[in-house]
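To keep things clear, I will list the structure first and then write my remarks on it.
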Amino acid sequence: MSSRTTSIGGVISLLGAFLASALVLGLLAAGLVMPAVGATGALARSGVDVFNELPSEFTTDPLAQTSRILAADGTVIATPQEQNRTIVPLNKIAPIMREAQVAIEDHRFYDHGGIDIQGTARAVISNLRNGSSVGASSLTQQYVKISLQYSALSSGNEEAAAEAVKKDYLRKLKELKYAITLEKKLTKDEILEGYLNLVYYGDRAYGVEAAAQHYFSVHADKLSLSQAALLAGLTQNPGTTDPVNFPKKALARRNVVLDRMHELGRITDKQWQAAKKRTLKQDMRVTQPKSTCLSSPYPYWCDFIVNYALTMPQLGKTVEERKRTLYRGGVTITTTLDPRVQEIVQREITKKVPIGDKSKVGAAAYVTEPGTGRVLAFAQNTTYTVSAKKLGETSVNWALDKQYGGSGGFQYGSTAKAFALVAAMESGLTTKSSVDAKAAGGNTSAKYSPSDFPKDACSSSFETWNVLNDTPFKGGKMTLMEATALSTNTAFVGLAQQIGICKIRDTMNRIGLHQGNGKAISIDPAAVILGANEVSPQALADAYATLASGGKRCPVLAITKITRGGKAIPLPSTKCQQVVDPDVTRATDKFLEYNMTHGSGIRNQLDDGKRESAGKTGTANGNNESWFAGYTPQISTAVWVGTPDDGNKRIMKDVTVGGQFYPVMHGAAIAAPIWKGIMNRVLDGQPEVKFGEPAAKYLGADPGNQNVTPGQLPAVVGRSVSEAESLLQAAGFQTQVGGTMSSQVAQGLVAGISPYQSPPPGSMITIYTSRGGFRQPPPAPQTTFVNPGGTGGGGGGGGGNGNGGGKPTKPTKPTKPPKPPKPPGRG
């Protein structure tokens, strides 16, 4: 019964097609086929009128094409797609493929118009005689039908999609009229090209180019006879004959095509026999398209570029329009990813913190190019997955800001101090300046209140604030250089007391540092001075890159080129802005360089100290997060090591990571060695570029200092030791610190120098500090200290040029210069 029903349905359908063909030829008006249709609804009224009233303008939606995301060297990172399709012109499709498709679908394609009357009539007779269902649509008609269905599905109209393939006379008649119209507008080659790019070849491969690459790993213009026949055979029932899932059916269909080509004389006996002998295994080399980031060799980068592209108005006015461009538009996106650098970053991270390490410690790094904003690489110690099921799996990109798929960041600790140094230099302090620092240690805190700071919005954001120092400090004056090397918290709080918390925060904003969620650093002093906000490695590396580039802030540059159909799409502006005076950044470099040679970076200098670098450690949340951020003029890198998924509950103490035991996790423990490994390998073979020198005023003392005349002793009494050293060195003298002496000058400040009377340029000048408790000195010896002039203190040597005098409590034997501080455990 069902067989008979199918036969009758096929006959009726073909009768409808034949009727329509007759209509087109004017046969219906002659009454030659009218009896065949009997009562067929609207057609029985007036076939010619119905046909004439049907729409004839046939338009198609642009085909969804596969886009491509490329690394800087052209390596394919991913192929975003709604459908796996790559449109190619007919001359990029092998002639044998065209022959095979035409032979099996419509061998008189180049001989008839849009309708194959002969084929339709033959099919009707065959179905009547044999009870079978034989198709009669021309290749043009098939192209029309598939196009209508595709357009409906693209617009989300499932009802129209079903209507496009419905077995219905009016649908068939409309299809025929469209085919006639199409044949008037396009050449046969243009129709065949459209068909081969549109038709589905099974296993998610749309169009002949995508199918050729998917099944055989070749381009469509390189297809062999047996491969072409295999593809041509799939279009009839692509969902049940593809060679990946239905190899036996695919082989059978391929042979049907070969037989048909041989029967039509399109191939020789020898070609026919040789092609039929080939096995699927000989022809096939299946490759899967990198259609999702999950299948990309650089999945986190792929995810980043997708999110980055969706922020670009050049790809569409709305996010939805940009998605359509990315997944349907066939765009080619060239990115800044350097695969060599990417491999280095990934290896250095996982060497120290393996993927899935039992410690549950996470690590991520971000590398950028100062002066351009080019993102070179980033990596983390996880495997990309959209449904994490075990340790070491996540789709969250720890290296990036949240808008690009990041986590929202991590507290960045003492890496924040670099920006306080910039603000200090902008406020008139110098590399020799000192600040007042309260006493504090690891268990004893210094207390601060809003009244301790210049009044502004930031100082009004808290009531009391307790601050600890990792390296205990007894309180008093401390040079900024030493405070940087020791990462003394209370010294940087003292700096904020002097220049203002909001001054530092404003500097951060201008440089471009922000929280991982995109918001500005909060006004809370802990966030501004000690890095208590969550920041991504991306934001921190970019901000440090501003310092490395002499104060040029550059937007994130991840895409260098986008083309569509061979034409370039304009890109957003990537112009850098000068946001900090170059001399200010060069002065800041001095502090961070000193940290590399005398502070927390001392064990991680580049090329064993041969290559200049600047950097700073950071530790936050009581050892829950650790950092190292640093740069050379060519590269800026930030490395984070911490606990990403525990809500800041675990403290990284007495922890084993990668088989190595760490009693305390600080920035110098793992983050700094990862940074060193990355930087050394990335810079291998590149020239050793030195940092520039700042203007002399940034190397001197605080504002208000007298002008220095080379070869003449400047007035230094009453100044800090660092300020006195700066002035004396600027005048061309060497300096060393001697003992103490009684003086009316405040304890710890400079009370006198020796020698004091016109020493030759380049002489060694010994600086003596005050211990207070002034008393009248005995008659001055022949060689003593310069008279304090109008400051009192009397006696000695007469004639003052502003330097203090008095009697030292110890012989004037010079002492050795102070040793550089030991590197702190963290900071």
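Lettering and numbering for the structure tokens are positional, with chains as A, B, ... in the shown order, residues counted from 1 in each chain, and ligands counted from 1 in the shown order.
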Give me every strand (DSSP E or B) residue in stretch 82-239 of chain A, going by DSSP on the backbone, as a ChimeraX atom specification. /A:84,200,205-206
Output the selection as a tab-separated table (two decimals), in the first residue's frame - C-alpha atoms for each residue.
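File produced: part31.tsv:
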chain	number	residue	atom	x	y	z
A	84	ASN	CA	31.31	25.23	7.21
A	200	TYR	CA	25.12	20.42	1.28
A	205	ALA	CA	30.26	20.51	4.99
A	206	TYR	CA	28.47	23.12	2.83
Would you tabulate, counting only C-alpha atoms, all residues of stretch 212-265 of chain A that have an atom at most 8 Å from an atom of stretch 282-306 of chain A, showing the closest pair of atoms and their distance in Å to one decimal, sorted by chain then ascending number, as a tab-separated table?
residue	atom	partner	partner_atom	distance
A:Gln213	CA	A:Thr287	CA	7.2
A:His214	CA	A:Thr287	CA	5.1
A:Tyr215	CA	A:Val286	CA	4.5
A:Phe216	CA	A:Arg285	CA	4.6
A:Ser217	CA	A:Arg285	CA	5.8
A:Ser226	CA	A:Asp283	CA	7.7
A:Gln227	CA	A:Asp283	CA	6.6
Limited to N, CA, C and O atoms, could you put the picked residues into a file as an mmCIF file, in the first residue's frame?
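Final file, again25.cif:
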data_model
loop_
_atom_site.group_PDB
_atom_site.id
_atom_site.type_symbol
_atom_site.label_atom_id
_atom_site.label_comp_id
_atom_site.auth_asym_id
_atom_site.auth_seq_id
_atom_site.Cartn_x
_atom_site.Cartn_y
_atom_site.Cartn_z
ATOM 1 N N GLN A 213 37.953 20.025 1.420
ATOM 2 C CA GLN A 213 38.921 20.151 2.513
ATOM 3 C C GLN A 213 38.573 19.223 3.674
ATOM 4 O O GLN A 213 39.463 18.672 4.318
ATOM 5 N N HIS A 214 37.283 19.057 3.933
ATOM 6 C CA HIS A 214 36.866 18.217 5.050
ATOM 7 C C HIS A 214 37.155 16.738 4.801
ATOM 8 O O HIS A 214 37.739 16.056 5.646
ATOM 9 N N TYR A 215 36.753 16.234 3.652
ATOM 10 C CA TYR A 215 36.886 14.803 3.383
ATOM 11 C C TYR A 215 38.269 14.401 2.880
ATOM 12 O O TYR A 215 38.749 13.309 3.173
ATOM 13 N N PHE A 216 38.924 15.306 2.128
ATOM 14 C CA PHE A 216 40.166 14.907 1.464
ATOM 15 C C PHE A 216 41.372 15.785 1.799
ATOM 16 O O PHE A 216 42.487 15.486 1.360
ATOM 17 N N SER A 217 41.153 16.871 2.534
ATOM 18 C CA SER A 217 42.225 17.811 2.883
ATOM 19 C C SER A 217 42.889 18.407 1.643
ATOM 20 O O SER A 217 44.105 18.621 1.601
ATOM 21 N N SER A 226 37.912 10.120 -8.714
ATOM 22 C CA SER A 226 37.192 9.324 -7.714
ATOM 23 C C SER A 226 36.679 10.198 -6.576
ATOM 24 O O SER A 226 35.594 9.966 -6.040
ATOM 25 N N GLN A 227 37.437 11.216 -6.183
ATOM 26 C CA GLN A 227 36.993 12.131 -5.130
ATOM 27 C C GLN A 227 35.818 12.979 -5.603
ATOM 28 O O GLN A 227 34.842 13.178 -4.868
#
Give me the stretch 604-666 of chain A side of the contact with stretch 534-540 of chain A, cut-off 10 Å, one line per residue showing its nearest atom pair and distance in Å at one decimal, counting only C-alpha atoms, sorted by chain and residue number, as CSV.
residue,atom,partner,partner_atom,distance
A:Trp627,CA,A:Pro537,CA,8.9
A:Phe628,CA,A:Pro537,CA,9.6
A:Ala629,CA,A:Leu540,CA,7.3
A:Gly630,CA,A:Leu540,CA,9.5
A:Ser636,CA,A:Leu540,CA,9.3
A:Thr637,CA,A:Pro537,CA,8.1
A:Ala638,CA,A:Pro537,CA,5.3
A:Val639,CA,A:Pro537,CA,6.4
A:Trp640,CA,A:Pro537,CA,6.6
Neighbours of A:Ala71 within 9 Å (only C-alpha atoms; same-chain residues fewer than 2 positions away dropped), as a list in words? Ile69, Asp73, Gly74, Thr75, Val76, Ile77, Ile333, Thr334, Thr335, Thr336, Leu337, Asp338 and Pro339 of chain A
With all heavy atoms kept, could you save the residues just selected as a tab-separated table (two decimals), in the first residue's frame?
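part35.tsv was written with the following content:
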chain	number	residue	atom	x	y	z
A	69	ILE	N	40.45	33.07	11.41
A	69	ILE	CA	41.27	33.84	12.34
A	69	ILE	C	42.69	33.32	12.22
A	69	ILE	O	42.95	32.13	12.39
A	69	ILE	CB	40.77	33.71	13.79
A	69	ILE	CG1	39.33	34.23	13.92
A	69	ILE	CG2	41.69	34.46	14.75
A	69	ILE	CD1	38.73	34.01	15.29
A	73	ASP	N	51.77	34.99	11.71
A	73	ASP	CA	52.53	34.31	10.65
A	73	ASP	C	51.63	33.59	9.65
A	73	ASP	O	52.12	32.86	8.78
A	73	ASP	CB	53.52	33.33	11.26
A	73	ASP	CG	52.85	32.17	12.00
A	73	ASP	OD1	51.60	32.18	12.12
A	73	ASP	OD2	53.57	31.27	12.46
A	74	GLY	N	50.31	33.77	9.75
A	74	GLY	CA	49.39	33.14	8.82
A	74	GLY	C	48.82	31.81	9.27
A	74	GLY	O	47.95	31.25	8.60
A	75	THR	N	49.29	31.30	10.39
A	75	THR	CA	48.76	30.05	10.93
A	75	THR	C	47.27	30.20	11.24
A	75	THR	O	46.86	31.20	11.83
A	75	THR	CB	49.51	29.65	12.22
A	75	THR	OG1	50.89	29.54	11.93
A	75	THR	CG2	48.98	28.33	12.77
A	76	VAL	N	46.46	29.21	10.84
A	76	VAL	CA	45.03	29.27	11.12
A	76	VAL	C	44.78	28.96	12.59
A	76	VAL	O	45.10	27.88	13.07
A	76	VAL	CB	44.25	28.30	10.22
A	76	VAL	CG1	42.76	28.34	10.58
A	76	VAL	CG2	44.43	28.65	8.75
A	77	ILE	N	44.18	29.91	13.27
A	77	ILE	CA	43.83	29.73	14.69
A	77	ILE	C	42.45	29.11	14.81
A	77	ILE	O	42.24	28.20	15.61
A	77	ILE	CB	43.87	31.08	15.42
A	77	ILE	CG1	45.29	31.64	15.42
A	77	ILE	CG2	43.34	30.95	16.85
A	77	ILE	CD1	45.37	33.07	15.94
A	333	ILE	N	40.58	37.38	9.50
A	333	ILE	CA	41.10	38.25	10.55
A	333	ILE	C	42.54	37.87	10.86
A	333	ILE	O	42.81	36.74	11.28
A	333	ILE	CB	40.24	38.13	11.83
A	333	ILE	CG1	38.79	38.55	11.53
A	333	ILE	CG2	40.82	38.96	12.96
A	333	ILE	CD1	37.85	38.32	12.69
A	334	THR	N	43.46	38.79	10.65
A	334	THR	CA	44.86	38.55	10.99
A	334	THR	C	45.14	39.18	12.35
A	334	THR	O	44.85	40.36	12.57
A	334	THR	CB	45.80	39.16	9.94
A	334	THR	OG1	45.48	38.60	8.65
A	334	THR	CG2	47.25	38.85	10.26
A	335	THR	N	45.68	38.39	13.26
A	335	THR	CA	45.90	38.84	14.63
A	335	THR	C	47.39	39.05	14.91
A	335	THR	O	48.25	38.75	14.08
A	335	THR	CB	45.34	37.83	15.64
A	335	THR	OG1	46.20	36.67	15.68
A	335	THR	CG2	43.94	37.40	15.25
A	336	THR	N	47.67	39.52	16.10
A	336	THR	CA	49.05	39.80	16.51
A	336	THR	C	49.71	38.61	17.19
A	336	THR	O	50.88	38.70	17.59
A	336	THR	CB	49.08	40.99	17.48
A	336	THR	OG1	48.24	40.69	18.61
A	336	THR	CG2	48.59	42.26	16.81
A	337	LEU	N	49.00	37.51	17.34
A	337	LEU	CA	49.56	36.35	18.04
A	337	LEU	C	50.86	35.90	17.38
A	337	LEU	O	50.92	35.63	16.18
A	337	LEU	CB	48.57	35.19	18.04
A	337	LEU	CG	49.12	33.86	18.59
A	337	LEU	CD1	49.39	33.96	20.07
A	337	LEU	CD2	48.18	32.72	18.29
A	338	ASP	N	51.91	35.78	18.20
A	338	ASP	CA	53.19	35.25	17.74
A	338	ASP	C	53.30	33.82	18.27
A	338	ASP	O	53.51	33.62	19.47
A	338	ASP	CB	54.34	36.11	18.29
A	338	ASP	CG	55.70	35.70	17.74
A	338	ASP	OD1	55.89	34.49	17.50
A	338	ASP	OD2	56.56	36.58	17.58
A	339	PRO	N	53.13	32.81	17.40
A	339	PRO	CA	53.14	31.42	17.88
A	339	PRO	C	54.42	31.04	18.64
A	339	PRO	O	54.36	30.25	19.58
A	339	PRO	CB	53.01	30.61	16.59
A	339	PRO	CG	52.28	31.51	15.66
A	339	PRO	CD	52.81	32.88	15.96
Residues within 10 Å of A:Pro572, only C-alpha atoms, excluding chain neighbours under 2 positions, as a PyMOL selection string: chain A and resi 312-314+555+557+559-560+569-570+574-575
re atom CA of A:Lys92 and atom CA of A:Thr240: distance 27.6 Å
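For A:Ile529, the non-local neighbours within 7 Å, defined as residues at least 5 positions apart in the same chain or in other chains and counting only C-alpha atoms, are Ala416, Lys417, Phe492 and Val493 of chain A.
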Please report, as a tab-separated table, each residue of stretch 400-426 of chain A lying at most 8 Å from stretch 494-510 of chain A, together with the nearest pair of atoms and the separation in Å rounded to one decimal; use only C-alpha atoms, and order rows by chain and ascending residue number.
residue	atom	partner	partner_atom	distance
A:Phe419	CA	A:Met508	CA	6.1
A:Ala420	CA	A:Ile504	CA	5.4
A:Val422	CA	A:Thr507	CA	7.4
A:Ala423	CA	A:Ile504	CA	5.4
A:Ala424	CA	A:Ile499	CA	7.0
I need the alpha helix (DSSP H) residues of stretch 428-493 of chain A per DSSP on the backbone, written as a list of chain:residue names. A:Leu480, A:Met481, A:Glu482, A:Ala483, A:Thr484, A:Ala485, A:Leu486, A:Asn489, A:Thr490, A:Ala491, A:Phe492, A:Val493
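Restricting the calculation to only C-alpha atoms, the smallest distance between A:Leu713 and any of A:Val218, A:Ile765, A:Leu391, A:Ala746 is found for A:Ile765.
Between atom CA of A:Tyr110 and atom CA of A:Glu190 the interatomic distance comes to 11.7 Å.
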What are the closest atom pairs, with distances in Å to one decimal, for each residue of stretch 634-710 of chain A lying within 6 Å of stretch 592-612 of chain A, using only C-alpha atoms, rows by chain and rising residue number, as CSV?
residue,atom,partner,partner_atom,distance
A:Lys676,CA,A:Asn604,CA,5.7
A:Glu688,CA,A:Arg611,CA,5.8
A:Lys690,CA,A:Glu612,CA,6.0
Test item: residues at most 12 Å from A:Ala440, only C-alpha atoms, excluding those fewer than 4 positions along its chain, as a PDB file with N, CA, C and O atoms, in the first residue's frame:
ATOM      1  N   THR A 444      53.046  43.775  63.714  1.00  0.00           N
ATOM      2  CA  THR A 444      52.751  45.061  64.333  1.00  0.00           C
ATOM      3  C   THR A 444      52.434  46.074  63.250  1.00  0.00           C
ATOM      4  O   THR A 444      53.261  46.316  62.367  1.00  0.00           O
ATOM      5  N   SER A 445      51.266  46.653  63.306  1.00  0.00           N
ATOM      6  CA  SER A 445      50.830  47.536  62.229  1.00  0.00           C
ATOM      7  C   SER A 445      50.989  49.000  62.594  1.00  0.00           C
ATOM      8  O   SER A 445      51.050  49.371  63.770  1.00  0.00           O
ATOM      9  N   ALA A 446      51.066  49.814  61.561  1.00  0.00           N
ATOM     10  CA  ALA A 446      51.013  51.268  61.710  1.00  0.00           C
ATOM     11  C   ALA A 446      49.584  51.699  61.430  1.00  0.00           C
ATOM     12  O   ALA A 446      48.938  51.180  60.524  1.00  0.00           O
ATOM     13  N   LYS A 447      49.094  52.630  62.234  1.00  0.00           N
ATOM     14  CA  LYS A 447      47.707  53.065  62.090  1.00  0.00           C
ATOM     15  C   LYS A 447      47.632  54.425  61.425  1.00  0.00           C
ATOM     16  O   LYS A 447      48.418  55.325  61.735  1.00  0.00           O
ATOM     17  N   TYR A 448      46.643  54.541  60.528  1.00  0.00           N
ATOM     18  CA  TYR A 448      46.452  55.789  59.800  1.00  0.00           C
ATOM     19  C   TYR A 448      44.985  56.184  59.850  1.00  0.00           C
ATOM     20  O   TYR A 448      44.092  55.332  59.896  1.00  0.00           O
ATOM     21  N   ASN A 466      45.024  50.059  59.126  1.00  0.00           N
ATOM     22  CA  ASN A 466      46.196  49.430  59.727  1.00  0.00           C
ATOM     23  C   ASN A 466      47.064  48.829  58.624  1.00  0.00           C
ATOM     24  O   ASN A 466      46.584  48.060  57.791  1.00  0.00           O
ATOM     25  N   VAL A 467      48.328  49.158  58.636  1.00  0.00           N
ATOM     26  CA  VAL A 467      49.247  48.726  57.575  1.00  0.00           C
ATOM     27  C   VAL A 467      50.409  47.953  58.171  1.00  0.00           C
ATOM     28  O   VAL A 467      51.040  48.395  59.144  1.00  0.00           O
ATOM     29  N   LEU A 468      50.719  46.806  57.576  1.00  0.00           N
ATOM     30  CA  LEU A 468      51.846  45.967  57.978  1.00  0.00           C
ATOM     31  C   LEU A 468      52.983  46.109  56.975  1.00  0.00           C
ATOM     32  O   LEU A 468      52.770  46.475  55.827  1.00  0.00           O
ATOM     33  N   ASN A 469      54.183  45.784  57.416  1.00  0.00           N
ATOM     34  CA  ASN A 469      55.337  45.683  56.520  1.00  0.00           C
ATOM     35  C   ASN A 469      55.810  44.239  56.501  1.00  0.00           C
ATOM     36  O   ASN A 469      55.924  43.602  57.557  1.00  0.00           O
ATOM     37  N   ASP A 470      56.099  43.728  55.346  1.00  0.00           N
ATOM     38  CA  ASP A 470      56.635  42.382  55.281  1.00  0.00           C
ATOM     39  C   ASP A 470      58.030  42.335  55.892  1.00  0.00           C
ATOM     40  O   ASP A 470      58.371  41.426  56.642  1.00  0.00           O
ATOM     41  N   THR A 471      58.853  43.330  55.542  1.00  0.00           N
ATOM     42  CA  THR A 471      60.167  43.488  56.162  1.00  0.00           C
ATOM     43  C   THR A 471      60.039  44.556  57.242  1.00  0.00           C
ATOM     44  O   THR A 471      59.729  45.706  56.937  1.00  0.00           O
ATOM     45  N   PRO A 472      60.237  44.206  58.523  1.00  0.00           N
ATOM     46  CA  PRO A 472      60.035  45.180  59.603  1.00  0.00           C
ATOM     47  C   PRO A 472      60.876  46.436  59.426  1.00  0.00           C
ATOM     48  O   PRO A 472      62.005  46.392  58.949  1.00  0.00           O
ATOM     49  N   PHE A 473      60.295  47.573  59.792  1.00  0.00           N
ATOM     50  CA  PHE A 473      60.982  48.854  59.725  1.00  0.00           C
ATOM     51  C   PHE A 473      60.709  49.610  61.025  1.00  0.00           C
ATOM     52  O   PHE A 473      59.570  49.668  61.487  1.00  0.00           O
ATOM     53  N   LYS A 474      61.776  50.197  61.580  1.00  0.00           N
ATOM     54  CA  LYS A 474      61.668  50.842  62.888  1.00  0.00           C
ATOM     55  C   LYS A 474      61.047  52.229  62.833  1.00  0.00           C
ATOM     56  O   LYS A 474      60.751  52.820  63.859  1.00  0.00           O
ATOM     57  N   GLY A 475      60.853  52.740  61.630  1.00  0.00           N
ATOM     58  CA  GLY A 475      60.269  54.070  61.506  1.00  0.00           C
ATOM     59  C   GLY A 475      61.317  55.125  61.265  1.00  0.00           C
ATOM     60  O   GLY A 475      62.481  54.966  61.630  1.00  0.00           O
ATOM     61  N   GLY A 476      60.925  56.216  60.573  1.00  0.00           N
ATOM     62  CA  GLY A 476      61.835  57.308  60.294  1.00  0.00           C
ATOM     63  C   GLY A 476      61.949  57.549  58.803  1.00  0.00           C
ATOM     64  O   GLY A 476      61.113  57.125  58.009  1.00  0.00           O
ATOM     65  N   THR A 488      58.610  48.500  51.218  1.00  0.00           N
ATOM     66  CA  THR A 488      58.131  48.908  52.534  1.00  0.00           C
ATOM     67  C   THR A 488      56.800  49.642  52.394  1.00  0.00           C
ATOM     68  O   THR A 488      56.731  50.759  51.872  1.00  0.00           O
ATOM     69  N   ASN A 489      55.758  49.016  52.897  1.00  0.00           N
ATOM     70  CA  ASN A 489      54.416  49.568  52.734  1.00  0.00           C
ATOM     71  C   ASN A 489      54.269  50.944  53.371  1.00  0.00           C
ATOM     72  O   ASN A 489      53.690  51.865  52.782  1.00  0.00           O
ATOM     73  N   THR A 490      54.765  51.079  54.609  1.00  0.00           N
ATOM     74  CA  THR A 490      54.565  52.352  55.315  1.00  0.00           C
ATOM     75  C   THR A 490      55.334  53.496  54.653  1.00  0.00           C
ATOM     76  O   THR A 490      54.947  54.658  54.787  1.00  0.00           O
ATOM     77  N   ALA A 491      56.399  53.183  53.924  1.00  0.00           N
ATOM     78  CA  ALA A 491      57.119  54.224  53.191  1.00  0.00           C
ATOM     79  C   ALA A 491      56.253  54.746  52.043  1.00  0.00           C
ATOM     80  O   ALA A 491      56.213  55.954  51.776  1.00  0.00           O
ATOM     81  N   VAL A 493      53.001  54.569  51.987  1.00  0.00           N
ATOM     82  CA  VAL A 493      51.910  55.318  52.608  1.00  0.00           C
ATOM     83  C   VAL A 493      52.410  56.719  52.957  1.00  0.00           C
ATOM     84  O   VAL A 493      51.700  57.714  52.769  1.00  0.00           O
TER      85      VAL A 493
END
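Reported to one decimal place, the separation of atom CA of A:Ala275 from atom CA of A:Glu263 is 14.4 Å.
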Could you check which of A:Leu186, A:Val579, A:Ala399, A:Val386 is closest to A:Thr368, using only C-alpha atoms? A:Ala399
Considering only C-alpha atoms, return as a CSV table (one decimal) with C-alpha atoms, in the first residue's frame whatever protein or nucleic-acid residues lie within 7 Å of A:Asn397, sequence-local ones (same chain, fewer than 2 positions apart) excluded.
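For reference, around.csv as written:
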chain,number,residue,atom,x,y,z
A,300,TYR,CA,42.0,30.9,24.7
A,395,SER,CA,37.1,28.4,29.7
A,399,ALA,CA,45.1,36.6,31.8
A,400,LEU,CA,42.5,38.9,30.4
A,405,GLY,CA,36.5,36.4,28.6
A,406,GLY,CA,38.6,37.0,31.7
A,407,SER,CA,37.9,36.2,35.4
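Nearest to A:Ala64 of all the residues A:Thr241, A:Pro247, A:Gly329, A:Asn307 is A:Gly329, counting only C-alpha atoms.
Each of A:Ser573, A:Leu749, A:Pro760, A:Gly550 was checked against A:Gly692 using only C-alpha atoms; the smallest atom-to-atom distance is that of A:Gly550.
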